[in-house]
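What's in work_8.cif: mmCIF, C-alpha atoms
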data_run
loop_
_atom_site.label_atom_id
_atom_site.label_comp_id
_atom_site.auth_asym_id
_atom_site.auth_seq_id
_atom_site.Cartn_x
_atom_site.Cartn_y
_atom_site.Cartn_z
CA MET Y 18 24.41 -13.80 -6.72
CA THR Y 19 25.90 -10.39 -7.35
CA THR Y 20 24.56 -7.84 -4.96
CA LYS Y 21 23.83 -4.39 -6.26
CA GLN Y 22 22.79 -1.25 -4.49
CA PHE Y 23 19.24 -0.37 -5.47
CA MET Y 24 17.39 2.79 -4.59
CA ILE Y 25 13.66 3.01 -5.21
CA VAL Y 26 12.54 6.64 -5.37
CA ASN Y 27 8.91 7.39 -4.49
CA ARG Y 28 7.41 10.70 -5.51
CA LYS Y 29 3.70 9.89 -5.89
CA ALA Y 30 0.85 9.87 -3.39
CA PRO Y 31 -0.72 6.45 -2.69
CA TYR Y 32 -4.05 5.22 -4.18
CA GLY Y 33 -4.53 8.06 -6.73
CA THR Y 34 -2.15 6.14 -9.00
CA ILE Y 35 -0.69 2.62 -8.90
CA TYR Y 36 2.96 3.82 -8.77
CA GLY Y 37 3.33 3.51 -5.00
CA TRP Y 38 2.23 -0.10 -4.83
CA GLU Y 39 4.28 -1.02 -7.92
CA ALA Y 40 7.37 0.55 -6.32
CA LEU Y 41 6.81 -1.44 -3.15
CA GLU Y 42 6.50 -4.68 -5.13
CA VAL Y 43 9.80 -3.95 -6.83
CA VAL Y 44 11.36 -3.39 -3.41
CA LEU Y 45 10.00 -6.70 -2.11
CA ILE Y 46 11.20 -8.60 -5.18
CA ALA Y 47 14.69 -7.07 -5.12
CA ALA Y 48 14.92 -7.72 -1.38
CA ALA Y 49 13.73 -11.33 -1.81
CA PHE Y 50 16.69 -11.76 -4.16
CA GLU Y 51 18.92 -10.39 -1.39
CA GLN Y 52 19.83 -7.15 -3.08
CA ASP Y 53 20.91 -4.11 -1.08
CA VAL Y 54 17.73 -2.05 -1.29
CA SER Y 55 16.97 1.42 0.01
CA MET Y 56 13.92 3.64 -0.45
CA ALA Y 57 13.70 7.40 -0.75
CA PHE Y 58 10.45 9.28 -0.24
CA LEU Y 59 10.13 12.79 -1.56
CA ASP Y 60 7.44 15.16 -2.77
CA ASP Y 61 3.98 13.50 -2.51
CA GLY Y 62 5.72 10.16 -2.01
CA VAL Y 63 5.94 10.95 1.72
CA TYR Y 64 2.15 10.48 1.90
CA GLN Y 65 2.59 6.78 1.18
CA ILE Y 66 3.99 6.21 4.66
CA LYS Y 67 1.64 8.59 6.47
CA LYS Y 68 0.01 6.73 9.38
CA GLY Y 69 -3.66 5.80 9.60
CA HIS Y 70 -4.84 4.85 6.10
CA GLN Y 71 -8.46 3.62 6.30
CA THR Y 72 -9.17 2.37 2.79
CA LYS Y 73 -12.41 0.49 3.31
CA GLY Y 74 -14.41 3.26 1.62
CA ILE Y 75 -12.34 3.25 -1.58
CA GLU Y 76 -12.01 -0.55 -1.70
CA ILE Y 77 -8.27 -0.56 -2.28
CA LYS Y 78 -5.78 -2.56 -0.22
CA ALA Y 79 -4.21 -0.39 2.52
CA PHE Y 80 -0.59 -1.04 1.62
CA GLU Y 81 0.59 1.29 4.35
CA LYS Y 82 0.66 -1.93 6.39
CA THR Y 83 3.08 -3.57 3.98
CA PHE Y 84 5.78 -1.00 4.72
CA ARG Y 85 5.92 -2.47 8.23
CA ALA Y 86 7.08 -5.79 6.71
CA LEU Y 87 10.16 -4.15 5.17
CA GLU Y 88 12.19 -4.88 8.27
CA ASP Y 89 11.56 -8.63 7.74
CA TYR Y 90 12.96 -8.16 4.23
CA ASP Y 91 16.04 -6.43 5.70
CA VAL Y 92 15.09 -3.18 4.03
CA THR Y 93 15.99 -0.65 6.69
CA LYS Y 94 17.48 2.23 4.71
CA ILE Y 95 14.42 4.45 4.39
CA TYR Y 96 15.18 8.07 3.59
CA VAL Y 97 12.61 10.85 3.75
CA ASP Y 98 13.05 14.40 2.51
CA GLN Y 99 12.65 16.98 5.28
CA GLU Y 100 11.45 19.70 2.92
CA SER Y 101 8.64 17.52 1.52
CA LEU Y 102 7.44 16.70 5.03
CA THR Y 103 7.45 20.35 6.10
CA GLU Y 104 5.59 21.51 3.00
CA ARG Y 105 2.81 19.02 3.87
CA GLY Y 106 2.70 19.80 7.59
CA LEU Y 107 4.10 16.37 8.51
CA THR Y 108 6.87 15.19 10.85
CA ALA Y 109 8.59 11.83 11.28
CA ASP Y 110 6.05 11.08 14.06
CA ASP Y 111 3.27 11.03 11.45
CA LEU Y 112 4.96 8.16 9.60
CA THR Y 113 4.15 4.48 9.93
CA ILE Y 114 7.76 3.21 9.98
CA PRO Y 115 11.05 4.51 11.41
CA VAL Y 116 12.88 6.58 8.80
CA GLU Y 117 15.95 8.73 8.39
CA VAL Y 118 14.91 12.31 7.65
CA LEU Y 119 17.45 13.99 5.36
CA SER Y 120 17.83 17.21 3.42
CA ARG Y 121 17.33 17.19 -0.36
CA ALA Y 122 21.07 17.52 -0.86
CA GLU Y 123 21.78 14.51 1.37
CA ILE Y 124 19.21 12.42 -0.50
CA GLY Y 125 20.88 13.49 -3.74
CA LYS Y 126 24.20 12.28 -2.40
CA ARG Y 127 22.72 8.89 -1.52
CA MET Y 128 21.29 8.63 -5.05
CA GLU Y 129 24.77 9.15 -6.47
CA GLU Y 130 26.07 6.18 -4.46
CA GLN Y 131 23.68 3.66 -6.05
CA ASP Y 132 24.25 1.09 -8.79
CA ILE Y 133 20.62 1.28 -9.84
CA VAL Y 134 18.00 3.98 -9.21
CA LEU Y 135 14.38 3.25 -10.06
CA ALA Y 136 11.97 6.17 -9.91
CA PHE Y 137 8.22 5.91 -9.40
CA MET R 30 -10.93 -21.12 -13.20
CA ALA R 31 -12.97 -22.24 -10.26
CA LEU R 32 -13.24 -24.98 -7.68
CA GLU R 33 -16.25 -26.44 -5.96
CA VAL R 34 -16.36 -27.29 -2.26
CA ASN R 35 -19.56 -28.48 -0.56
CA GLY R 36 -21.68 -27.22 -3.42
CA LYS R 37 -20.18 -23.70 -3.36
CA THR R 38 -18.07 -22.35 -6.20
CA TYR R 39 -14.86 -20.43 -5.57
CA GLU R 40 -13.03 -18.49 -8.26
CA THR R 41 -9.30 -19.08 -8.71
CA ASP R 42 -6.61 -17.71 -10.99
CA GLU R 43 -4.95 -19.82 -13.70
CA GLU R 44 -2.51 -21.25 -11.16
CA GLY R 45 -5.21 -22.24 -8.69
CA TYR R 46 -4.85 -19.39 -6.18
CA LEU R 47 -8.12 -18.13 -4.71
CA ILE R 48 -9.19 -14.78 -6.18
CA ALA R 49 -11.07 -13.49 -3.13
CA LEU R 50 -9.26 -13.81 0.18
CA GLY R 51 -12.54 -13.60 2.04
CA ASP R 52 -13.73 -16.79 0.31
CA TRP R 53 -11.37 -18.93 2.32
CA ASN R 54 -12.46 -21.23 5.11
CA GLU R 55 -10.98 -24.42 6.58
CA GLU R 56 -12.98 -26.60 4.21
CA VAL R 57 -11.58 -24.75 1.21
CA GLY R 58 -8.10 -25.08 2.75
CA LYS R 59 -8.57 -28.84 3.08
CA PHE R 60 -9.76 -29.09 -0.51
CA LEU R 61 -6.78 -27.11 -1.82
CA ALA R 62 -4.42 -29.28 0.24
CA GLN R 63 -5.94 -32.40 -1.25
CA GLN R 64 -5.29 -31.02 -4.73
CA GLU R 65 -1.65 -30.55 -3.72
CA SER R 66 -1.61 -34.12 -2.31
CA ILE R 67 -0.90 -32.85 1.19
CA ASN R 68 -2.38 -34.50 4.23
CA LEU R 69 -2.91 -31.62 6.65
CA THR R 70 -1.54 -32.11 10.18
CA ASP R 71 -1.40 -29.67 13.11
CA ALA R 72 2.08 -28.70 11.94
CA HIS R 73 0.66 -27.70 8.54
CA TRP R 74 -2.15 -25.72 10.12
CA GLU R 75 0.35 -23.87 12.29
CA VAL R 76 2.10 -22.59 9.15
CA ILE R 77 -1.18 -21.89 7.34
CA ASN R 78 -2.52 -19.87 10.26
CA PHE R 79 0.80 -18.07 10.55
CA LEU R 80 0.58 -17.07 6.89
CA ARG R 81 -2.99 -15.85 7.24
CA ASP R 82 -2.03 -13.75 10.27
CA TYR R 83 0.99 -12.41 8.39
CA TYR R 84 -1.23 -11.41 5.51
CA THR R 85 -3.73 -9.66 7.79
CA GLU R 86 -0.93 -7.73 9.43
CA PHE R 87 1.15 -6.79 6.36
CA GLN R 88 -1.17 -7.33 3.35
CA ILE R 89 1.35 -9.57 1.59
CA ALA R 90 2.36 -13.21 1.43
CA PRO R 91 6.02 -13.29 2.48
CA ALA R 92 8.89 -14.58 0.34
CA VAL R 93 10.39 -17.90 1.49
CA ARG R 94 13.43 -16.34 3.14
CA VAL R 95 11.22 -13.93 5.06
CA LEU R 96 8.72 -16.61 5.99
CA THR R 97 11.48 -18.84 7.36
CA LYS R 98 12.90 -16.05 9.48
CA ALA R 99 9.51 -14.86 10.74
CA ILE R 100 8.40 -18.39 11.65
CA GLY R 101 11.67 -18.90 13.51
CA LYS R 102 10.99 -15.77 15.50
CA LYS R 103 7.45 -16.77 16.39
CA LEU R 104 7.44 -20.57 16.55
CA GLY R 105 11.07 -21.34 17.38
CA ALA R 106 14.29 -22.11 15.50
CA ASP R 107 13.40 -25.81 15.03
CA LYS R 108 10.54 -24.66 12.76
CA GLY R 109 12.17 -21.58 11.29
CA ASN R 110 14.30 -23.40 8.76
CA SER R 111 13.67 -24.35 5.17
CA GLN R 112 14.17 -28.08 5.74
CA TYR R 113 11.25 -28.22 8.18
CA LEU R 114 9.03 -26.12 5.94
CA TYR R 115 9.88 -28.06 2.76
CA GLU R 116 9.08 -31.32 4.55
CA LEU R 117 5.59 -29.97 5.21
CA PHE R 118 5.18 -28.35 1.80
CA PRO R 119 7.48 -30.15 -0.67
CA TYR R 120 6.76 -27.83 -3.60
CA GLY R 121 7.79 -24.76 -1.62
CA PRO R 122 6.39 -23.43 1.63
CA ALA R 123 5.59 -20.02 0.21
CA LYS R 124 4.00 -21.29 -2.98
CA GLN R 125 2.11 -24.30 -1.68
CA ALA R 126 1.28 -23.11 1.82
CA CYS R 127 0.07 -19.75 0.52
CA LYS R 128 -2.21 -21.45 -1.95
CA ILE R 129 -3.74 -23.67 0.74
CA ALA R 130 -4.05 -20.65 3.05
CA GLY R 131 -6.05 -18.86 0.36
CA LEU R 132 -3.46 -16.11 -0.14
CA PRO R 133 -2.16 -14.74 -3.43
CA LYS R 134 1.14 -16.02 -4.78
CA PRO R 135 3.98 -14.35 -2.86
CA THR R 136 5.53 -11.32 -4.53
CA GLY R 137 8.80 -12.30 -6.16
CA CYS R 138 7.90 -15.98 -6.18
CA VAL R 139 8.58 -17.26 -9.72
CA MET L 29 -20.50 25.52 -11.31
CA LEU L 30 -18.89 22.53 -9.65
CA HIS L 31 -15.14 22.19 -10.09
CA ILE L 32 -13.84 18.69 -9.44
CA ILE L 33 -10.16 18.28 -8.62
CA ASN L 34 -8.47 14.88 -8.27
CA LYS L 35 -4.81 15.92 -8.22
CA SER L 36 -2.66 16.73 -5.20
CA PRO L 37 -2.05 20.49 -4.83
CA TYR L 38 1.62 19.66 -4.25
CA ASP L 39 1.93 17.79 -7.53
CA ARG L 40 -0.22 19.76 -9.99
CA PRO L 41 -1.47 23.35 -10.18
CA ALA L 42 -5.13 22.38 -10.72
CA LEU L 43 -6.32 23.92 -7.44
CA ASP L 44 -4.45 27.19 -8.04
CA SER L 45 -5.91 27.30 -11.51
CA VAL L 46 -9.47 26.81 -10.26
CA LEU L 47 -9.01 29.42 -7.54
CA LYS L 48 -7.91 31.98 -10.14
CA THR L 49 -10.52 31.07 -12.74
CA GLY L 50 -13.70 29.83 -11.20
CA THR L 51 -16.53 30.58 -8.84
CA GLY L 52 -19.09 28.35 -7.15
CA ALA L 53 -18.19 25.05 -5.60
CA ILE L 54 -15.07 22.90 -5.49
CA LEU L 55 -15.15 19.16 -4.86
CA LEU L 56 -11.83 17.57 -3.93
CA ILE L 57 -11.52 13.83 -4.61
CA GLU L 58 -8.73 11.21 -4.79
CA ASP L 59 -5.30 12.88 -4.34
CA GLY L 60 -7.05 16.27 -4.48
CA VAL L 61 -8.12 15.83 -0.84
CA TYR L 62 -4.59 16.53 0.37
CA ALA L 63 -5.48 20.22 -0.09
CA VAL L 64 -7.76 20.12 2.96
CA ALA L 65 -5.15 18.65 5.35
CA LYS L 66 -4.22 21.21 7.99
CA GLY L 67 -0.60 22.19 8.48
CA GLY L 68 0.48 22.01 4.86
CA ALA L 69 1.31 24.76 2.41
CA ALA L 70 -2.15 24.39 0.83
CA GLU L 71 -4.01 25.20 4.06
CA PRO L 72 -3.82 29.02 3.78
CA LYS L 73 -4.94 28.86 0.13
CA VAL L 74 -7.96 26.74 1.03
CA LYS L 75 -8.81 28.98 3.99
CA ALA L 76 -8.66 32.09 1.82
CA ALA L 77 -10.77 30.43 -0.85
CA LEU L 78 -13.52 29.51 1.61
CA GLY L 79 -14.83 33.10 1.38
CA LYS L 80 -15.41 32.75 -2.33
CA PHE L 81 -16.12 29.04 -2.87
CA LYS L 82 -17.98 26.28 -1.13
CA ILE L 83 -15.37 23.61 -0.69
CA TYR L 84 -16.32 19.92 -0.46
CA ALA L 85 -14.07 16.88 -0.01
CA LEU L 86 -14.85 13.20 -0.40
CA THR L 87 -14.73 11.40 2.97
CA PRO L 88 -13.65 7.92 1.74
CA ASP L 89 -10.63 9.52 0.02
CA ILE L 90 -9.80 11.53 3.16
CA GLU L 91 -9.96 8.40 5.31
CA ALA L 92 -7.91 6.32 2.88
CA ARG L 93 -5.08 8.85 3.03
CA GLY L 94 -4.94 9.04 6.82
CA ILE L 95 -5.84 12.72 7.09
CA ALA L 96 -9.32 12.45 8.65
CA ASP L 97 -7.95 13.91 11.90
CA ARG L 98 -6.74 17.13 10.27
CA VAL L 99 -9.38 18.45 7.90
CA THR L 100 -9.42 22.26 7.63
CA ASP L 101 -12.45 23.84 9.34
CA GLY L 102 -15.13 25.04 6.98
CA VAL L 103 -14.58 22.26 4.45
CA ILE L 104 -17.72 20.17 3.95
CA GLN L 105 -17.20 16.42 3.81
CA VAL L 106 -19.41 14.32 1.54
CA ASP L 107 -19.77 10.61 0.81
CA TYR L 108 -20.35 9.06 -2.62
CA ALA L 109 -24.09 9.85 -2.47
CA GLY L 110 -23.21 13.47 -1.64
CA PHE L 111 -20.87 13.51 -4.65
CA VAL L 112 -23.76 12.48 -6.89
CA ASP L 113 -26.04 15.13 -5.31
CA LEU L 114 -23.45 17.85 -5.98
CA VAL L 115 -23.14 16.87 -9.61
CA ALA L 116 -26.92 16.81 -9.96
CA GLU L 117 -27.46 20.14 -8.14
CA ASN L 118 -24.96 22.09 -10.19
CA LYS L 119 -25.99 23.13 -13.67
CA THR L 120 -22.53 22.46 -15.02
CA ASN L 121 -19.47 20.73 -13.70
CA GLN L 122 -15.92 20.42 -14.79
CA SER L 123 -13.13 18.00 -13.93
CA TRP L 124 -9.74 19.72 -13.80
CA LEU L 125 -7.69 16.76 -15.00
#

Would you mind writing the file out in structure tokens?
Amino acid sequence: MTTKQFMIVNRKAPYGTIYGWEALEVVLIAAAFEQDVSMAFLDDGVYQIKKGHQTKGIEIKAFEKTFRALEDYDVTKIYVDQESLTERGLTADDLTIPVEVLSRAEIGKRMEEQDIVLAF
Amino acid sequence: MALEVNGKTYETDEEGYLIALGDWNEEVGKFLAQQESINLTDAHWEVINFLRDYYTEFQIAPAVRVLTKAIGKKLGADKGNSQYLYELFPYGPAKQACKIAGLPKPTGCV
Amino acid sequence: MLHIINKSPYDRPALDSVLKTGTGAILLIEDGVYAVAKGGAAEPKVKAALGKFKIYALTPDIEARGIADRVTDGVIQVDYAGFVDLVAENKTNQSWL
């Protein structure tokens, strides 16, 4: 199978829309087919990996937990925009998985390196 | 679609996967296994329980490659290989074992 | 009047628009609740607005988003029953979609 470099870009908060979960499913599918997958979180997308989601009250699956399975899928290139974190009063310690915090410009550079970029 | 076990009705999707995860119990598991013509042994239950734990922890049913690796890590290399898992679940460990465990079809499983 | 906002203040200008336009009460739901998380750029706006508005936020949405430990002081949390009461108490209400 040809391996391509995929980047899934997440810019939406979780739960308010279905984009976050859909993006994660695409990541899992691409990774199951042994593609080289990375994820970038910017703008409200950083909220998807904020720790401590308690979704019982809204009756939606807490897919924060699913991000912790990414390592099993060999998805370890997780980039987070520093500026987006700061604007929301968050740091890497607030996040549920280990990430690489980068500047906007560095994330842009990584986007340029991809074969396929899918934005959610 | 639906199935009936001990007088109780359980809803399933068109491929026979349980709709509500919380509906599952061992009796339902046994019934689903029977439908798949699988005679459940301790080795089967080990995988089924592993899958249910995996789902509780990560909210997904893992893809075969991931399942194999994760089982190897937890239960040992002699079980963490596709030959062992396909012997237990001939039509695919992810597909068949997930169904019996009452989980949704694994993401990316076609 | 009750102003209902369901969009993140970092994604859409609904909150800014309400703060400039309205009076009365604001209820933040869904992604709108991010406005009441301390430490973010929205915190000073919400704090300033507390003098002019009563600001409510829906607890199940706050909990779902993992920000229950950082809700700005002065914001009143309500559950679904409280949401219904607010809608009933206010003569008019408007969703800023």

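Using only C-alpha atoms, the smallest distance between any of L:Val74, L:Ile90, L:Leu55, L:Val115 and Gly102 of chain L comes from L:Val74.
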
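Residue neighbourhood of Phe84 of chain Y, excluding near-sequence residues (fewer than 3 positions): Leu41, Leu45, Gln65, Ile66, Phe80, Glu81, Leu87, Glu88, Val92, Thr113 and Ile114 of chain Y; Phe87 and Gln88 of chain R, at 10 Å, using all atoms listed in the file.
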
Name the residues that the PyMOL selection byres ((chain R and resi 125-138) around 7) picks from the file above, as a PDB file with C-alpha atoms, in the coordinates of the input, using the file's chain letters and numbers.
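Saved as expr-v8.pdb:
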ATOM      1  CA  GLU Y  42       6.500  -4.680  -5.130  1.00  0.00           C
ATOM      2  CA  LEU Y  45      10.000  -6.700  -2.110  1.00  0.00           C
ATOM      3  CA  ILE Y  46      11.200  -8.600  -5.180  1.00  0.00           C
ATOM      4  CA  ALA Y  49      13.730 -11.330  -1.810  1.00  0.00           C
TER       5      ALA Y  49
ATOM      6  CA  TYR R  46      -4.850 -19.390  -6.180  1.00  0.00           C
ATOM      7  CA  LEU R  47      -8.120 -18.130  -4.710  1.00  0.00           C
ATOM      8  CA  LEU R  50      -9.260 -13.810   0.180  1.00  0.00           C
ATOM      9  CA  TRP R  53     -11.370 -18.930   2.320  1.00  0.00           C
ATOM     10  CA  GLY R  58      -8.100 -25.080   2.750  1.00  0.00           C
ATOM     11  CA  LEU R  61      -6.780 -27.110  -1.820  1.00  0.00           C
ATOM     12  CA  ALA R  62      -4.420 -29.280   0.240  1.00  0.00           C
ATOM     13  CA  ILE R  77      -1.180 -21.890   7.340  1.00  0.00           C
ATOM     14  CA  LEU R  80       0.580 -17.070   6.890  1.00  0.00           C
ATOM     15  CA  ARG R  81      -2.990 -15.850   7.240  1.00  0.00           C
ATOM     16  CA  ALA R  90       2.360 -13.210   1.430  1.00  0.00           C
ATOM     17  CA  PRO R  91       6.020 -13.290   2.480  1.00  0.00           C
ATOM     18  CA  ALA R  92       8.890 -14.580   0.340  1.00  0.00           C
ATOM     19  CA  PHE R 118       5.180 -28.350   1.800  1.00  0.00           C
ATOM     20  CA  TYR R 120       6.760 -27.830  -3.600  1.00  0.00           C
ATOM     21  CA  GLY R 121       7.790 -24.760  -1.620  1.00  0.00           C
ATOM     22  CA  PRO R 122       6.390 -23.430   1.630  1.00  0.00           C
ATOM     23  CA  ALA R 123       5.590 -20.020   0.210  1.00  0.00           C
ATOM     24  CA  LYS R 124       4.000 -21.290  -2.980  1.00  0.00           C
ATOM     25  CA  VAL R 139       8.580 -17.260  -9.720  1.00  0.00           C
TER      26      VAL R 139
END

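Our summary of the geometry notes that atom CA of Ala76 of chain L is positioned 28.0 Å from atom CA of Asp98 of chain Y.
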
Segment 119-133 of chain Y: axis-aligned bounding box, 4 Å on each side, centre and edge lengths in Å, one decimal, as lines of an AutoDock Vina configuration file:
center_x = 21.7
center_y = 9.3
center_z = -2.2
size_x = 16.7
size_y = 24.4
size_z = 23.2

- Query: Could you list, as a ChimeraX atom specification, every residue of chain Y that has an atom within 8 Å of an atom of chain L, counting all atoms listed in the file?
  - Reply: /Y:30-33,60-61,64,67-75,79,103-107

Residue rebuild result segment 77-89 of chain L, N, CA and C atoms as a CSV table (one decimal), in the frame of the given file:
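Dumped to result_33.csv:
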chain,number,residue,atom,x,y,z
L,77,ALA,N,-9.8,30.7,0.2
L,77,ALA,CA,-10.8,30.4,-0.8
L,77,ALA,C,-12.2,30.2,-0.3
L,78,LEU,N,-12.2,29.8,1.0
L,78,LEU,CA,-13.5,29.5,1.6
L,78,LEU,C,-14.5,30.7,1.6
L,79,GLY,N,-14.0,31.9,1.5
L,79,GLY,CA,-14.8,33.1,1.4
L,79,GLY,C,-15.5,33.2,0.0
L,80,LYS,N,-14.9,32.6,-1.0
L,80,LYS,CA,-15.4,32.8,-2.3
L,80,LYS,C,-16.1,31.5,-2.9
L,81,PHE,N,-15.6,30.3,-2.4
L,81,PHE,CA,-16.1,29.0,-2.9
L,81,PHE,C,-16.7,28.2,-1.7
L,82,LYS,N,-17.6,27.3,-2.1
L,82,LYS,CA,-18.0,26.3,-1.1
L,82,LYS,C,-17.0,25.2,-1.4
L,83,ILE,N,-16.4,24.6,-0.4
L,83,ILE,CA,-15.4,23.6,-0.7
L,83,ILE,C,-15.8,22.3,0.0
L,84,TYR,N,-15.9,21.3,-0.9
L,84,TYR,CA,-16.3,19.9,-0.5
L,84,TYR,C,-15.1,19.0,-0.7
L,85,ALA,N,-15.1,17.9,0.2
L,85,ALA,CA,-14.1,16.9,0.0
L,85,ALA,C,-14.7,15.5,0.3
L,86,LEU,N,-14.2,14.5,-0.5
L,86,LEU,CA,-14.8,13.2,-0.4
L,86,LEU,C,-14.3,12.4,0.8
L,87,THR,N,-15.2,12.1,1.7
L,87,THR,CA,-14.7,11.4,3.0
L,87,THR,C,-14.0,10.1,2.8
L,88,PRO,N,-14.4,9.2,1.9
L,88,PRO,CA,-13.6,7.9,1.7
L,88,PRO,C,-12.2,8.2,1.3
L,89,ASP,N,-12.0,9.2,0.5
L,89,ASP,CA,-10.6,9.5,0.0
L,89,ASP,C,-9.8,10.1,1.1
